[in-house]
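Asker: Sharing a structure here in structure tokens format.
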Amino acid sequence: MTVLIPVRASDLECEAINFGIEYVQTHNEQLRVFLDFASMPQDFANLAEYIQEQIGNLTQKLADAGVDFRVDPVLNGEDLVEKIAAVVDPHGTDTVIVTLKSKTSQVKVQLGSQIQRILLDVPCSVLVRRPSVPDLSAK
């Protein structure tokens, strides 16, 4: 089984990656991260350098965790959901892990358009994690 996680390149500390690391460590599986650069503006200064830096940072984080992994960059012009759908085994046990975003001011959870497309278009199991809720009783 492979655990697939889509992640925005600007959010390497997201809950999905951290949960994915824990999950594959527990289940002895491979982690495949789709690092999404597609939303980066083309005129972003030093885009190629930024891409290499973010891939390096993620690679180091996953190597330090001691997990079997692969990082797939998703560049401008590529469709994240199509790229994930193309690699999953619909008859296998691949799983996509996504996390929801919360609006803390309204205590609502948003289901983003990418997550909706993953749920509808990727032919494998999708594990949707709720965002962590801060412990307000500690204040």
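In the structure tokens, chains take the letters A, B, ... in the order shown, each chain's residues start at 1, and ligands count up from 1 in the order shown.
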Report as a Markdown table: every residue of stretch 44-120 of chain A with an atom at most 10 Å from stretch 1-17 of chain A, its closest pair of atoms, and their distance in Å to one decimal, counting only C-alpha atoms, with rows sorted by chain and ascending residue number.
Answerer:
```
| residue | atom | partner | partner_atom | distance |
| --- | --- | --- | --- | --- |
| A:Tyr50 | CA | A:Ala9 | CA | 9.3 |
| A:Ile51 | CA | A:Ala9 | CA | 8.0 |
| A:Gln54 | CA | A:Ala9 | CA | 6.6 |
| A:Ile55 | CA | A:Ala9 | CA | 8.3 |
| A:Asn57 | CA | A:Leu12 | CA | 8.2 |
| A:Leu58 | CA | A:Leu12 | CA | 6.7 |
| A:Lys61 | CA | A:Leu12 | CA | 9.1 |
| A:Leu62 | CA | A:Ile17 | CA | 9.1 |
| A:Asp68 | CA | A:Thr2 | CA | 9.8 |
| A:Phe69 | CA | A:Thr2 | CA | 9.2 |
| A:Arg70 | CA | A:Leu4 | CA | 9.5 |
| A:Val71 | CA | A:Ile5 | CA | 9.7 |
| A:Asp72 | CA | A:Pro6 | CA | 9.4 |
| A:Pro73 | CA | A:Ala9 | CA | 8.7 |
| A:Val74 | CA | A:Ala9 | CA | 9.2 |
| A:Leu80 | CA | A:Pro6 | CA | 7.7 |
| A:Val81 | CA | A:Pro6 | CA | 8.7 |
| A:Ile84 | CA | A:Leu4 | CA | 7.7 |
| A:Val87 | CA | A:Leu4 | CA | 9.5 |
| A:Val88 | CA | A:Thr2 | CA | 8.3 |
| A:Asp89 | CA | A:Met1 | CA | 9.1 |
| A:Gly92 | CA | A:Met1 | CA | 7.2 |
| A:Thr93 | CA | A:Met1 | CA | 5.2 |
| A:Asp94 | CA | A:Thr2 | CA | 4.9 |
| A:Thr95 | CA | A:Val3 | CA | 5.0 |
| A:Val96 | CA | A:Leu4 | CA | 4.6 |
| A:Ile97 | CA | A:Ile5 | CA | 5.3 |
| A:Val98 | CA | A:Ala16 | CA | 5.9 |
| A:Thr99 | CA | A:Ala16 | CA | 5.6 |
| A:Leu100 | CA | A:Ala16 | CA | 9.1 |
| A:Gln114 | CA | A:Pro6 | CA | 9.3 |
| A:Ile115 | CA | A:Pro6 | CA | 9.3 |
| A:Ile118 | CA | A:Pro6 | CA | 9.7 |
```
Asker: Mind listing the alpha helix (DSSP H) residues of stretch 14-137 of chain A, per DSSP on the backbone, as a PyMOL selection string?
Answerer: chain A and resi 15-27+47-65+80-87+113-121
Asker: Would you mind telling me which residue in A:Glu22, A:Glu49, A:Glu82, A:Asp36 lies nearest to A:Gly66 when using only C-alpha atoms?
Answerer: A:Glu22
Asker: Find, counting only C-alpha atoms, the residue in A:Val126, A:Leu119, A:Ala85, A:Leu75 that gets nearest to A:Ala38.
Answerer: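 That would be A:Leu75, the residue with the smallest distance to A:Ala38.
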